[in-house]
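Asker: Okay, so here is my_file.txt, and as you'll see once you scroll down, it has compact mmCIF, C-alpha atoms.
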# COMPACT_ATOMS: atom_id res chain seq x y z
CA MET Y 860 19.25 5.43 20.78
CA ASP Y 861 22.60 4.95 19.12
CA PRO Y 862 24.31 8.03 20.58
CA GLN Y 863 27.15 8.24 18.07
CA LEU Y 864 25.01 8.14 14.93
CA ARG Y 865 22.44 10.43 16.55
CA SER Y 866 25.16 13.00 17.24
CA ILE Y 867 26.48 12.79 13.67
CA PHE Y 868 22.98 13.09 12.21
CA ASN Y 869 21.98 16.11 14.31
CA ALA Y 870 25.24 17.91 13.57
CA ALA Y 871 24.75 17.45 9.82
CA PHE Y 872 21.03 18.27 9.77
CA THR Y 873 19.83 21.31 7.82
CA PRO Y 874 16.34 22.56 6.89
CA GLU Y 875 17.35 22.15 3.25
CA LYS Y 876 17.99 18.42 3.72
CA TYR Y 877 14.61 18.02 5.38
CA ALA Y 878 12.95 19.89 2.51
CA ALA Y 879 14.65 17.49 0.10
CA LEU Y 880 13.28 14.54 2.10
CA VAL Y 881 9.73 15.89 1.95
CA ARG Y 882 10.04 16.60 -1.80
CA CYS Y 883 11.27 13.05 -2.41
CA VAL Y 884 8.33 11.60 -0.46
CA ASN Y 885 5.71 13.84 -2.03
CA GLU Y 886 6.92 13.82 -5.63
CA THR Y 887 7.93 10.20 -6.20
CA GLU Y 888 4.41 8.74 -6.44
CA LYS Y 889 1.16 10.01 -7.98
CA TRP Y 890 -0.17 10.95 -4.53
CA PRO Y 891 1.73 12.81 -1.78
CA ALA Y 892 1.85 12.01 1.94
CA ASP Y 893 -1.18 13.48 3.70
CA PHE Y 894 0.55 13.30 7.07
CA ARG Y 895 3.64 14.93 8.53
CA ILE Y 896 7.03 13.36 7.84
CA SER Y 897 9.41 13.58 10.79
CA GLU Y 898 12.77 15.26 10.32
CA THR Y 899 14.63 12.18 11.48
CA PRO Y 900 14.70 8.41 11.67
CA ILE Y 901 15.49 6.78 14.99
CA PHE Y 902 18.71 4.79 15.29
CA LEU Y 903 18.42 1.55 17.25
CA THR Y 904 21.21 -0.06 19.21
CA ARG Y 905 21.82 -3.75 18.63
CA GLU Y 906 20.52 -4.43 22.16
CA PHE Y 907 17.19 -2.69 21.55
CA THR Y 908 16.83 -4.20 18.06
CA ASP Y 909 17.23 -7.68 19.50
CA GLN Y 910 14.85 -6.90 22.35
CA VAL Y 911 12.02 -5.48 20.22
CA THR Y 912 12.44 -8.29 17.67
CA ARG Y 913 12.13 -10.94 20.38
CA ALA Y 914 9.16 -9.14 21.90
CA ALA Y 915 7.30 -8.95 18.57
CA ASN Y 916 7.98 -12.59 17.71
CA ALA Y 917 6.88 -13.74 21.17
CA ILE Y 918 3.55 -11.94 20.79
CA VAL Y 919 2.98 -13.35 17.30
CA ASP Y 920 3.78 -16.84 18.64
CA LEU Y 921 1.08 -16.46 21.31
CA THR Y 922 -1.54 -15.72 18.64
CA ARG Y 923 -0.81 -19.12 17.06
CA THR Y 924 -1.72 -21.21 20.13
CA PRO Y 925 -4.93 -23.23 20.66
CA GLU Y 926 -5.55 -21.14 23.79
CA PHE Y 927 -5.56 -17.95 21.73
CA ALA Y 928 -7.88 -19.51 19.13
CA ARG Y 929 -10.39 -20.19 21.90
CA HIS Y 930 -10.02 -16.64 23.19
CA ALA Y 931 -10.62 -15.22 19.69
CA GLU Y 932 -13.71 -17.31 18.95
CA ASP Y 933 -16.12 -14.56 20.02
CA ALA Y 934 -14.09 -11.64 18.66
CA ILE Y 935 -16.20 -10.97 15.56
CA PRO Y 936 -19.24 -8.74 16.20
CA GLU Y 937 -22.58 -10.25 15.27
CA GLY Y 938 -23.39 -9.86 11.59
CA LEU Y 939 -19.86 -8.99 10.48
CA GLU Y 940 -18.34 -12.45 9.95
CA VAL Y 941 -17.05 -13.00 6.40
CA PRO Y 942 -17.22 -16.47 4.77
CA ASN Y 943 -14.23 -18.56 3.67
CA GLU Y 944 -11.85 -17.53 6.44
CA SER Y 945 -8.18 -18.27 5.77
CA GLY Y 946 -6.15 -20.52 8.06
CA HIS Y 947 -4.08 -17.59 9.29
CA PRO Y 948 -3.77 -13.83 8.74
CA ASN Y 949 -1.56 -12.58 5.90
CA PHE Y 950 -0.37 -9.54 7.84
CA LEU Y 951 0.42 -8.82 11.46
CA VAL Y 952 1.62 -5.54 12.95
CA VAL Y 953 2.69 -5.15 16.57
CA ASP Y 954 2.92 -1.64 18.05
CA PHE Y 955 5.32 -0.85 20.89
CA ALA Y 956 5.83 2.33 22.85
CA VAL Y 957 9.47 3.10 23.59
CA CYS Y 958 9.59 3.45 27.38
CA ALA Y 959 12.23 3.98 30.04
CA GLU Y 960 12.56 1.39 32.80
CA ASP Y 961 15.45 1.06 35.24
CA GLY Y 962 17.56 3.52 33.28
CA ARG Y 963 17.23 1.83 29.87
CA LEU Y 964 14.84 1.96 26.94
CA VAL Y 965 12.43 -0.95 26.51
CA PRO Y 966 9.50 -1.75 24.17
CA ARG Y 967 6.04 -1.94 25.74
CA LEU Y 968 3.08 -3.33 23.77
CA ILE Y 969 0.36 -0.84 22.84
CA GLU Y 970 -1.74 -2.97 20.50
CA LEU Y 971 -1.59 -5.32 17.54
CA GLN Y 972 -3.54 -5.80 14.32
CA ALA Y 973 -3.93 -8.52 11.71
CA PHE Y 974 -4.25 -5.87 9.02
CA PRO Y 975 -1.91 -4.44 6.37
CA SER Y 976 0.16 -1.41 7.26
CA LEU Y 977 2.21 0.91 5.05
CA PHE Y 978 4.30 -1.87 3.48
CA GLY Y 979 4.81 0.08 0.24
CA PHE Y 980 5.34 3.53 1.74
CA GLN Y 981 7.95 2.45 4.28
CA LEU Y 982 10.23 1.24 1.49
CA LEU Y 983 9.79 4.60 -0.27
CA LEU Y 984 10.51 6.46 2.97
CA LEU Y 985 13.71 4.45 3.52
CA HIS Y 986 14.96 5.32 0.03
CA CYS Y 987 14.12 9.01 0.52
CA MET Y 988 15.84 9.10 3.93
CA ARG Y 989 19.02 7.66 2.41
CA LYS Y 990 18.89 10.10 -0.50
CA ALA Y 991 18.28 13.20 1.61
CA TYR Y 992 20.62 12.37 4.49
CA PRO Y 993 24.09 11.19 3.41
CA PRO Y 994 25.22 10.77 7.06
CA ILE Y 995 23.11 7.57 7.21
CA PRO Y 996 25.48 4.63 6.59
CA ARG Y 997 24.41 2.28 3.81
CA ASN Y 998 24.52 -0.74 6.12
CA TRP Y 999 21.87 0.79 8.37
CA THR Y 1000 18.48 -0.54 7.33
CA SER Y 1001 14.85 -0.76 8.47
CA SER Y 1002 14.39 -4.42 7.53
CA PHE Y 1003 15.01 -7.48 9.69
CA GLY Y 1004 16.66 -10.85 9.23
CA GLY Y 1005 18.95 -9.56 6.49
CA ILE Y 1006 16.10 -9.25 3.97
CA LYS Y 1007 17.00 -7.05 0.99
CA ASP Y 1008 14.66 -4.80 -1.00
CA GLU Y 1009 14.19 -7.31 -3.83
CA ALA Y 1010 13.35 -10.14 -1.42
CA TYR Y 1011 10.99 -7.85 0.50
CA ILE Y 1012 9.09 -6.94 -2.69
CA GLU Y 1013 9.01 -10.59 -3.76
CA LEU Y 1014 7.51 -11.60 -0.40
CA LEU Y 1015 4.80 -8.96 -0.79
CA ARG Y 1016 4.15 -10.21 -4.33
CA ARG Y 1017 3.99 -13.84 -3.20
CA THR Y 1018 1.52 -12.91 -0.44
CA ILE Y 1019 -0.72 -10.39 -2.21
CA ILE Y 1020 -0.64 -11.62 -5.83
CA ALA Y 1021 0.46 -15.28 -5.49
CA GLU Y 1022 -0.21 -17.10 -8.79
CA SER Y 1023 -2.66 -14.52 -10.16
CA ASN Y 1024 -2.04 -11.91 -12.81
CA PRO Y 1025 -1.62 -8.49 -11.10
CA GLU Y 1026 -4.58 -7.11 -13.08
CA ASN Y 1027 -6.81 -9.70 -11.36
CA VAL Y 1028 -5.80 -8.36 -7.95
CA VAL Y 1029 -7.14 -5.10 -6.49
CA LEU Y 1030 -6.30 -3.02 -3.44
CA LEU Y 1031 -9.79 -2.45 -2.04
CA GLU Y 1032 -10.55 0.72 -0.09
CA ILE Y 1033 -13.26 3.33 0.46
CA GLU Y 1034 -12.49 6.26 -1.86
CA PRO Y 1035 -8.76 5.45 -1.91
CA GLU Y 1036 -7.85 8.80 -3.47
CA LYS Y 1037 -9.18 10.54 -0.32
CA GLN Y 1038 -7.52 8.36 2.31
CA LYS Y 1039 -4.60 9.70 4.37
CA THR Y 1040 -2.69 6.53 3.51
CA ARG Y 1041 -3.15 6.98 -0.26
CA ILE Y 1042 0.60 7.42 -0.78
CA ASP Y 1043 0.99 3.79 0.35
CA PHE Y 1044 -1.61 2.71 -2.22
CA ALA Y 1045 0.36 4.52 -4.91
CA ALA Y 1046 3.65 2.99 -3.78
CA THR Y 1047 2.05 -0.47 -3.75
CA GLU Y 1048 0.81 0.04 -7.30
CA THR Y 1049 4.33 1.02 -8.39
CA LEU Y 1050 5.87 -2.04 -6.72
CA LEU Y 1051 3.26 -4.68 -7.57
CA HIS Y 1052 1.08 -3.17 -10.35
CA VAL Y 1053 -1.99 -3.71 -8.16
CA ARG Y 1054 -4.44 -0.85 -8.52
CA PRO Y 1055 -6.39 0.80 -5.69
CA VAL Y 1056 -10.14 0.47 -6.36
CA CYS Y 1057 -13.07 1.97 -4.44
CA VAL Y 1058 -15.65 -0.46 -3.03
CA THR Y 1059 -18.34 1.45 -4.95
CA LYS Y 1060 -16.62 0.71 -8.28
CA ILE Y 1061 -16.93 -3.08 -7.91
CA LYS Y 1062 -19.51 -4.93 -10.02
CA ARG Y 1063 -21.00 -8.27 -9.02
CA ARG Y 1064 -22.36 -11.08 -11.16
CA GLY Y 1065 -23.27 -14.18 -9.20
CA ARG Y 1066 -20.33 -15.02 -6.95
CA ASP Y 1067 -17.85 -13.12 -9.14
CA LEU Y 1068 -16.61 -9.56 -8.74
CA PHE Y 1069 -15.32 -7.28 -11.52
CA TYR Y 1070 -13.79 -3.82 -11.92
CA ASP Y 1071 -13.08 -1.51 -14.82
CA ARG Y 1072 -9.44 -1.38 -15.92
CA ASP Y 1073 -8.78 1.06 -18.75
CA GLY Y 1074 -12.19 0.41 -20.28
CA ARG Y 1075 -12.05 -3.38 -19.83
CA GLU Y 1076 -14.12 -5.32 -17.34
CA VAL Y 1077 -11.66 -7.48 -15.40
CA ARG Y 1078 -12.55 -10.29 -13.02
CA ILE Y 1079 -11.16 -9.99 -9.47
CA GLU Y 1080 -9.44 -13.10 -8.11
CA ARG Y 1081 -7.74 -11.63 -5.03
CA ILE Y 1082 -8.57 -8.62 -2.84
CA TYR Y 1083 -5.77 -6.87 -0.98
CA ASN Y 1084 -8.17 -5.60 1.64
CA ARG Y 1085 -7.56 -2.14 3.11
CA VAL Y 1086 -11.17 -1.42 4.13
CA ILE Y 1087 -11.63 -0.67 7.83
CA PHE Y 1088 -14.97 -2.03 9.05
CA ASP Y 1089 -15.34 0.87 11.46
CA GLU Y 1090 -15.30 3.30 8.53
CA LEU Y 1091 -17.50 1.09 6.35
CA ILE Y 1092 -20.19 0.99 9.04
CA ARG Y 1093 -20.06 4.78 9.36
CA ARG Y 1094 -20.66 5.21 5.62
CA PRO Y 1095 -24.28 4.15 4.92
CA ASP Y 1096 -24.20 6.47 1.90
CA LEU Y 1097 -21.98 4.04 -0.03
CA ASN Y 1098 -23.77 2.21 -2.81
CA LEU Y 1099 -22.24 -1.29 -2.93
CA THR Y 1100 -23.21 -4.12 -5.28
CA PHE Y 1101 -21.89 -6.69 -2.81
CA GLN Y 1102 -21.51 -7.18 0.93
CA PHE Y 1103 -18.42 -8.47 2.68
CA GLN Y 1104 -20.62 -11.14 4.25
CA ASP Y 1105 -21.58 -12.56 0.82
CA ASP Y 1106 -20.19 -15.91 -0.31
CA LEU Y 1107 -17.92 -14.67 -3.10
CA ASP Y 1108 -15.45 -16.41 -5.40
CA VAL Y 1109 -12.50 -14.27 -4.33
CA LYS Y 1110 -9.46 -14.70 -2.10
CA TRP Y 1111 -9.20 -12.11 0.67
CA VAL Y 1112 -5.66 -10.91 1.47
CA GLY Y 1113 -5.88 -10.66 4.40
CA HIS Y 1114 -9.21 -12.07 5.34
CA PRO Y 1115 -11.45 -9.52 7.17
CA ASN Y 1116 -12.23 -11.87 10.07
CA TRP Y 1117 -8.63 -11.62 11.27
CA TYR Y 1118 -9.07 -7.85 11.70
CA PHE Y 1119 -11.32 -8.71 14.65
CA ARG Y 1120 -9.64 -11.87 15.95
CA ILE Y 1121 -6.19 -10.29 16.33
CA SER Y 1122 -6.81 -6.79 17.60
CA LYS Y 1123 -7.38 -4.96 20.87
CA HIS Y 1124 -9.59 -7.96 21.64
CA SER Y 1125 -6.31 -9.89 22.05
CA LEU Y 1126 -4.80 -7.63 24.70
CA PRO Y 1127 -6.42 -9.21 27.81
CA PHE Y 1128 -5.07 -12.59 26.65
CA LEU Y 1129 -1.50 -11.53 25.89
CA LYS Y 1130 0.88 -11.73 28.82
CA THR Y 1131 4.63 -11.33 28.27
CA GLU Y 1132 7.35 -9.24 29.88
CA HIS Y 1133 6.58 -6.51 27.30
CA THR Y 1134 2.81 -6.30 27.80
CA SER Y 1135 0.79 -4.30 30.33
CA PRO Y 1136 -2.37 -5.34 32.20
CA ALA Y 1137 -5.54 -5.13 30.10
CA PHE Y 1138 -9.14 -6.17 30.78
CA PHE Y 1139 -12.45 -6.20 28.98
CA ALA Y 1140 -14.42 -3.31 30.47
CA ASP Y 1141 -17.03 -5.64 32.00
CA GLU Y 1142 -14.24 -7.66 33.65
CA PHE Y 1143 -12.25 -4.75 35.12
CA PRO Y 1144 -11.44 -5.52 38.78
CA ALA Y 1145 -13.31 -3.22 41.14
CA ALA Y 1146 -10.24 -3.00 43.38
CA GLU Y 1147 -7.99 -1.67 40.56
CA LYS Y 1148 -7.22 2.05 40.51
CA ILE Y 1149 -8.99 3.28 37.35
CA ASP Y 1150 -6.80 6.42 37.18
CA ASN Y 1151 -3.92 4.24 35.96
CA TYR Y 1152 -5.85 2.98 32.92
CA VAL Y 1153 -7.14 4.12 29.53
CA LEU Y 1154 -10.47 3.06 28.00
CA LYS Y 1155 -10.45 1.96 24.32
CA PRO Y 1156 -13.17 0.71 21.95
CA LEU Y 1157 -12.15 -2.65 20.52
CA TYR Y 1158 -12.53 -2.02 16.82
CA SER Y 1159 -12.05 1.68 16.19
CA PHE Y 1160 -9.03 2.77 14.17
CA ALA Y 1161 -6.44 5.57 14.48
CA GLY Y 1162 -7.30 6.32 18.11
CA HIS Y 1163 -11.00 7.10 17.62
CA GLY Y 1164 -13.00 6.92 20.84
CA VAL Y 1165 -10.07 6.51 23.24
CA ASP Y 1166 -10.79 7.93 26.72
CA MET Y 1167 -7.65 8.87 28.63
CA GLU Y 1168 -9.57 9.62 31.84
CA PRO Y 1169 -12.02 6.74 32.40
CA THR Y 1170 -14.05 6.30 35.57
CA HIS Y 1171 -16.00 3.38 37.01
CA GLU Y 1172 -19.16 5.38 36.25
CA LYS Y 1173 -18.20 5.67 32.57
CA ILE Y 1174 -17.57 1.92 32.38
CA CYS Y 1175 -20.95 1.16 34.00
CA ALA Y 1176 -22.64 3.45 31.45
CA LEU Y 1177 -21.22 1.62 28.42
CA GLN Y 1178 -23.92 0.03 26.29
CA ASN Y 1179 -21.68 -2.90 25.23
CA PRO Y 1180 -18.86 -3.07 27.81
CA HIS Y 1181 -17.41 -6.30 26.36
CA GLU Y 1182 -16.62 -4.30 23.19
CA TRP Y 1183 -14.26 -2.05 25.18
CA ILE Y 1184 -10.98 -2.73 26.93
CA VAL Y 1185 -9.32 -1.02 29.85
CA GLN Y 1186 -5.53 -0.97 29.42
CA LYS Y 1187 -2.92 0.26 31.88
CA LYS Y 1188 -1.46 3.59 30.82
CA ILE Y 1189 1.95 3.50 29.21
CA GLU Y 1190 4.47 6.26 29.77
CA TYR Y 1191 6.47 7.06 26.63
CA ALA Y 1192 10.10 8.05 27.09
CA ALA Y 1193 11.38 11.30 25.60
CA PHE Y 1194 14.65 10.02 24.15
CA VAL Y 1195 15.32 11.52 20.68
CA PRO Y 1196 17.42 14.72 21.05
CA THR Y 1197 16.27 17.53 18.75
CA LEU Y 1198 18.01 20.71 17.71
CA ASP Y 1199 16.09 22.94 20.14
CA GLY Y 1200 17.21 21.00 23.22
CA GLN Y 1201 13.95 19.09 23.72
CA LYS Y 1202 13.40 15.39 23.06
CA SER Y 1203 10.83 13.47 21.05
CA LYS Y 1204 8.96 10.29 21.97
CA ALA Y 1205 8.34 7.40 19.61
CA GLU Y 1206 6.43 4.21 19.04
CA ILE Y 1207 7.58 1.49 16.68
CA ARG Y 1208 5.39 -0.81 14.62
CA MET Y 1209 6.89 -4.20 13.80
CA MET Y 1210 5.48 -5.40 10.46
CA PHE Y 1211 5.01 -9.08 9.56
CA VAL Y 1212 4.03 -10.67 6.25
CA TRP Y 1213 2.59 -14.20 6.30
CA PRO Y 1214 2.20 -15.85 2.86
CA GLU Y 1215 -0.37 -18.61 2.36
CA ASN Y 1216 2.06 -21.51 2.47
CA GLY Y 1217 4.71 -20.12 4.76
CA GLU Y 1218 5.53 -18.68 8.15
CA PRO Y 1219 5.12 -15.12 9.48
CA VAL Y 1220 8.18 -13.06 8.52
CA LEU Y 1221 9.19 -9.84 10.29
CA VAL Y 1222 10.13 -7.61 7.38
CA ASN Y 1223 10.03 -3.93 8.24
CA ASN Y 1224 8.99 -1.27 10.73
CA LEU Y 1225 7.17 2.02 11.00
CA VAL Y 1226 7.75 4.77 13.56
CA ARG Y 1227 5.53 7.56 14.82
CA MET Y 1228 7.17 10.39 16.71
CA SER Y 1229 5.58 12.87 19.10
CA ARG Y 1230 6.35 15.71 21.45
CA GLY Y 1231 2.79 16.13 22.67
CA LYS Y 1232 0.76 14.57 25.45
CA MET Y 1233 -0.31 11.82 23.06
CA MET Y 1234 0.94 10.43 19.74
CA GLY Y 1235 -1.94 11.78 17.64
CA VAL Y 1236 -1.74 14.65 15.17
CA ASP Y 1237 -3.96 16.91 17.30
CA PHE Y 1238 -1.39 16.83 20.12
CA ASN Y 1239 1.53 17.73 17.83
CA VAL Y 1240 0.26 20.74 15.91
CA ASP Y 1241 3.04 23.22 15.06
CA LYS Y 1242 5.69 20.89 16.52
CA THR Y 1243 8.81 19.69 14.71
CA TRP Y 1244 10.70 16.38 14.83
CA VAL Y 1245 7.34 14.60 15.01
CA GLY Y 1246 5.30 12.53 12.57
CA ALA Y 1247 5.89 9.48 10.36
CA SER Y 1248 9.37 7.99 10.43
CA ILE Y 1249 11.31 4.74 10.43
CA ALA Y 1250 13.76 2.93 12.73
CA LEU Y 1251 17.18 2.00 11.37
CA HIS Y 1252 19.69 -0.47 12.73
CA ALA Y 1253 22.99 -1.93 11.64
As structure tokens - that is how I would like this structure written.

Answerer:
Amino acid sequence: MDPQLRSIFNAAFTPEKYAALVRCVNETEKWPADFRISETPIFLTREFTDQVTRAANAIVDLTRTPEFARHAEDAIPEGLEVPNESGHPNFLVVDFAVCAEDGRLVPRLIELQAFPSLFGFQLLLLHCMRKAYPPIPRNWTSSFGGIKDEAYIELLRRTIIAESNPENVVLLEIEPEKQKTRIDFAATETLLHVRPVCVTKIKRRGRDLFYDRDGREVRIERIYNRVIFDELIRRPDLNLTFQFQDDLDVKWVGHPNWYFRISKHSLPFLKTEHTSPAFFADEFPAAEKIDNYVLKPLYSFAGHGVDMEPTHEKICALQNPHEWIVQKKIEYAAFVPTLDGQKSKAEIRMMFVWPENGEPVLVNNLVRMSRGKMMGVDFNVDKTWVGASIALHA
């Protein structure tokens, strides 16, 4: 979006520099990236940076109101509530599509989550981008509010580890070594010395949980939770010694209940200049034109179950319509010039960290780029200048 830096970057781009970027990403940590890395970052103008920052903060502010708390009371599906809920989420991520309106680019809310994102990987990606692409000025960064790398890592440490010893903190996941986001787990371990541990490797005695660390049984005090309930429910084969719904002597970071409370369930409540109309499926107005909307299950992850062509008949056939939302379709702008004359689309994730005794802090961002009909991998097969990236600004 910054035309001058975009022109300089494209003129200096070579396949060899991109290969160096991919090598840096895939060879720095013990696990590589199991997703495509885009050839380019996106370069934000000061105007757009200010706009998307205000938009993200405004949405986070709405989730802190008494009205939102009442809206979120029934967000947790029956039987999935976890005891000892924290007073607020430790992580918030707000996803915006980059759209064109009245001849300028604007952010438009897609969804939000009170769940960790790739906080470790995005720092690695920034370093690899700078190393592979010398045209990127050193004062261009992905962070916000002037936060430097050391302060960013310290904020993660304060939130995830707090006063515990790192060996008493685990990154909990289902078979972490098989997850597409495993490179983030590896980067987090490098930064914070917190190990990724599979849910099946946890031992329980009474209210306490333990894991094996180099042949020693170590008590778990804090869980950096990366388990998606949707995946956990779909894996009845997993042999767990504990249930998330048990009353355990551990601190959840972030607490699983917030995964439900701040989610697609929030979209019908949120109304700002950067949001689009959204309804629970059983509350969709009969007079609305359904062709302009997309149907989404509330708690699926990574786009699973999204129906781009809903009908009133499909909505009526839903078994649990209040567990689905109908959201007005959002048209992504093709705005990133590529070397073959076409343009890529992008969405930007604004990433907040919220320590226990503090305020939510906007720290970093994540970008996904596409040239297909949708943002997903299946719509971008064999395409270039698509995939995981990052937004930089001065």

Asker: Give me, please, the distance in Å between CA of Lys1130 in chain Y and CA of Glu940 in chain Y, quoted to one decimal.

Answerer: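 These two atoms are separated by 26.9 Å.
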
Asker: Counting all atoms listed in the file, what are the residues of range 942-1020 of chain Y within 12 Å of range 1134-1156 of chain Y, and for each of them which pair of atoms is the nearest and at what distance in Å, to one decimal? Sort the table by chain and rising number, as a tab-separated table.

Answerer:
residue	atom	partner	partner_atom	distance
Y:Val953	CA	Y:Thr1134	CA	11.3
Y:Asp954	CA	Y:Thr1134	CA	10.8
Y:Phe955	CA	Y:Thr1134	CA	9.2
Y:Ala956	CA	Y:Thr1134	CA	10.4
Y:Cys958	CA	Y:Thr1134	CA	11.9
Y:Val965	CA	Y:Thr1134	CA	11.1
Y:Pro966	CA	Y:Thr1134	CA	8.9
Y:Arg967	CA	Y:Thr1134	CA	5.8
Y:Leu968	CA	Y:Thr1134	CA	5.0
Y:Ile969	CA	Y:Thr1134	CA	7.8
Y:Glu970	CA	Y:Thr1134	CA	9.2
Y:Leu971	CA	Y:Thr1134	CA	11.2

Asker: Hey, could you make a per-residue contact list for range 1183-1253 of chain Y against range 871-893 of chain Y with 12 Å as the cut-off, showing the nearest pair of atoms and its distance in Å to one decimal, counting all atoms listed in the file, sorted by chain and number, as a tab-separated table?

Answerer:
residue	atom	partner	partner_atom	distance
Y:Thr1197	CA	Y:Phe872	CA	10.2
Y:Leu1198	CA	Y:Phe872	CA	8.8
Y:Val1236	CA	Y:Asp893	CA	11.5
Y:Thr1243	CA	Y:Tyr877	CA	11.1
Y:Trp1244	CA	Y:Tyr877	CA	10.4
Y:Gly1246	CA	Y:Asp893	CA	11.0
Y:Ala1247	CA	Y:Ala892	CA	9.7
Y:Ser1248	CA	Y:Leu880	CA	11.3

Asker: Please produce a file of the residues just selected, as a CSV table (one decimal), in the coordinates of the input, where the atoms kept are C-alpha atoms.

Answerer:
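Final file, again_11.csv:
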chain,number,residue,atom,x,y,z
Y,1197,THR,CA,16.3,17.5,18.8
Y,1198,LEU,CA,18.0,20.7,17.7
Y,1236,VAL,CA,-1.7,14.6,15.2
Y,1243,THR,CA,8.8,19.7,14.7
Y,1244,TRP,CA,10.7,16.4,14.8
Y,1246,GLY,CA,5.3,12.5,12.6
Y,1247,ALA,CA,5.9,9.5,10.4
Y,1248,SER,CA,9.4,8.0,10.4

Asker: Rounded to one decimal place, report the CA of Asn1223 in chain Y-CA of Met860 in chain Y distance in Å.

Answerer: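 Rounded to one decimal, the two atoms are 18.2 Å apart.
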
Asker: Using only C-alpha atoms, which of Y:Tyr1158, Y:Leu1221, Y:Ile867, Y:Ser1203 sits nearest Asn1116 in chain Y?

Answerer: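 For Asn1116 in chain Y, the nearest of the candidates is Y:Tyr1158.
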
Asker: Would you compute, for all listed atoms of range 985-1001 of chain Y, the axis-aligned bounding box grown by 6 Å on each side, and then report its centre and edge lengths in Å rounded to one decimal, as lines of an AutoDock Vina configuration file?

Answerer:
center_x = 19.6
center_y = 6.2
center_z = 4.0
size_x = 23.8
size_y = 26.0
size_z = 21.0

Asker: Under the rule that only C-alpha atoms are counted, which of Y:Asn1027, Y:Asp1108, Y:Leu1091, Y:Asp1241 is the nearest residue to Glu1076 in chain Y?

Answerer: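 Distance minimum relative to Glu1076 in chain Y lands on Y:Asn1027.
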
Asker: Kindly indicate which residue among Y:Leu1050, Y:Leu1177, Y:Met1210, Y:Ile1033 lies nearest to Gly979 in chain Y, using only C-alpha atoms for the distances.

Answerer: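 Closest residue, counting only C-alpha atoms: Y:Leu1050.
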
Asker: Please report, as a Markdown table, each residue of range 1172-1215 of chain Y lying at most 7 Å from range 945-952 of chain Y, together with the nearest pair of atoms and the separation in Å rounded to one decimal; use all atoms listed in the file, and order rows by chain and ascending residue number.

Answerer:
| residue | atom | partner | partner_atom | distance |
| --- | --- | --- | --- | --- |
| Y:Arg1208 | CA | Y:Val952 | CA | 6.3 |
| Y:Met1209 | CA | Y:Val952 | CA | 5.5 |
| Y:Met1210 | CA | Y:Val952 | CA | 4.6 |
| Y:Phe1211 | CA | Y:Leu951 | CA | 5.0 |
| Y:Val1212 | CA | Y:Phe950 | CA | 4.8 |
| Y:Trp1213 | CA | Y:Asn949 | CA | 4.5 |
| Y:Pro1214 | CA | Y:Asn949 | CA | 5.8 |

Asker: Give me a file of those residues, with C-alpha atoms, as an mmCIF file, in the frame of the given file.

Answerer:
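Dumped everything to out_7.cif:
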data_model
loop_
_atom_site.group_PDB
_atom_site.id
_atom_site.type_symbol
_atom_site.label_atom_id
_atom_site.label_comp_id
_atom_site.auth_asym_id
_atom_site.auth_seq_id
_atom_site.Cartn_x
_atom_site.Cartn_y
_atom_site.Cartn_z
ATOM 1 C CA ARG Y 1208 5.390 -0.810 14.620
ATOM 2 C CA MET Y 1209 6.890 -4.200 13.800
ATOM 3 C CA MET Y 1210 5.480 -5.400 10.460
ATOM 4 C CA PHE Y 1211 5.010 -9.080 9.560
ATOM 5 C CA VAL Y 1212 4.030 -10.670 6.250
ATOM 6 C CA TRP Y 1213 2.590 -14.200 6.300
ATOM 7 C CA PRO Y 1214 2.200 -15.850 2.860
#

Asker: Could you jot down the CA of Arg1081 in chain Y to CA of Pro1025 in chain Y separation for me, Å, one decimal place?

Answerer: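 CA of Pro1025 in chain Y lies 9.2 Å from CA of Arg1081 in chain Y.
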
Asker: For the point (-14.8, 1.1, 4.6) in file coordinates, what residues are within 10 Å, counting all atoms listed in the file? Give the answer as a PDB file with C-alpha atoms, in the frame of the given file?

Answerer:
ATOM      1  CA  LEU Y1031      -9.790  -2.450  -2.040  1.00  0.00           C
ATOM      2  CA  GLU Y1032     -10.550   0.720  -0.090  1.00  0.00           C
ATOM      3  CA  ILE Y1033     -13.260   3.330   0.460  1.00  0.00           C
ATOM      4  CA  GLU Y1034     -12.490   6.260  -1.860  1.00  0.00           C
ATOM      5  CA  PRO Y1035      -8.760   5.450  -1.910  1.00  0.00           C
ATOM      6  CA  CYS Y1057     -13.070   1.970  -4.440  1.00  0.00           C
ATOM      7  CA  VAL Y1058     -15.650  -0.460  -3.030  1.00  0.00           C
ATOM      8  CA  ASN Y1084      -8.170  -5.600   1.640  1.00  0.00           C
ATOM      9  CA  ARG Y1085      -7.560  -2.140   3.110  1.00  0.00           C
ATOM     10  CA  VAL Y1086     -11.170  -1.420   4.130  1.00  0.00           C
ATOM     11  CA  ILE Y1087     -11.630  -0.670   7.830  1.00  0.00           C
ATOM     12  CA  PHE Y1088     -14.970  -2.030   9.050  1.00  0.00           C
ATOM     13  CA  ASP Y1089     -15.340   0.870  11.460  1.00  0.00           C
ATOM     14  CA  GLU Y1090     -15.300   3.300   8.530  1.00  0.00           C
ATOM     15  CA  LEU Y1091     -17.500   1.090   6.350  1.00  0.00           C
ATOM     16  CA  ILE Y1092     -20.190   0.990   9.040  1.00  0.00           C
ATOM     17  CA  ARG Y1093     -20.060   4.780   9.360  1.00  0.00           C
ATOM     18  CA  ARG Y1094     -20.660   5.210   5.620  1.00  0.00           C
ATOM     19  CA  PRO Y1095     -24.280   4.150   4.920  1.00  0.00           C
ATOM     20  CA  LEU Y1097     -21.980   4.040  -0.030  1.00  0.00           C
TER      21      LEU Y1097
END
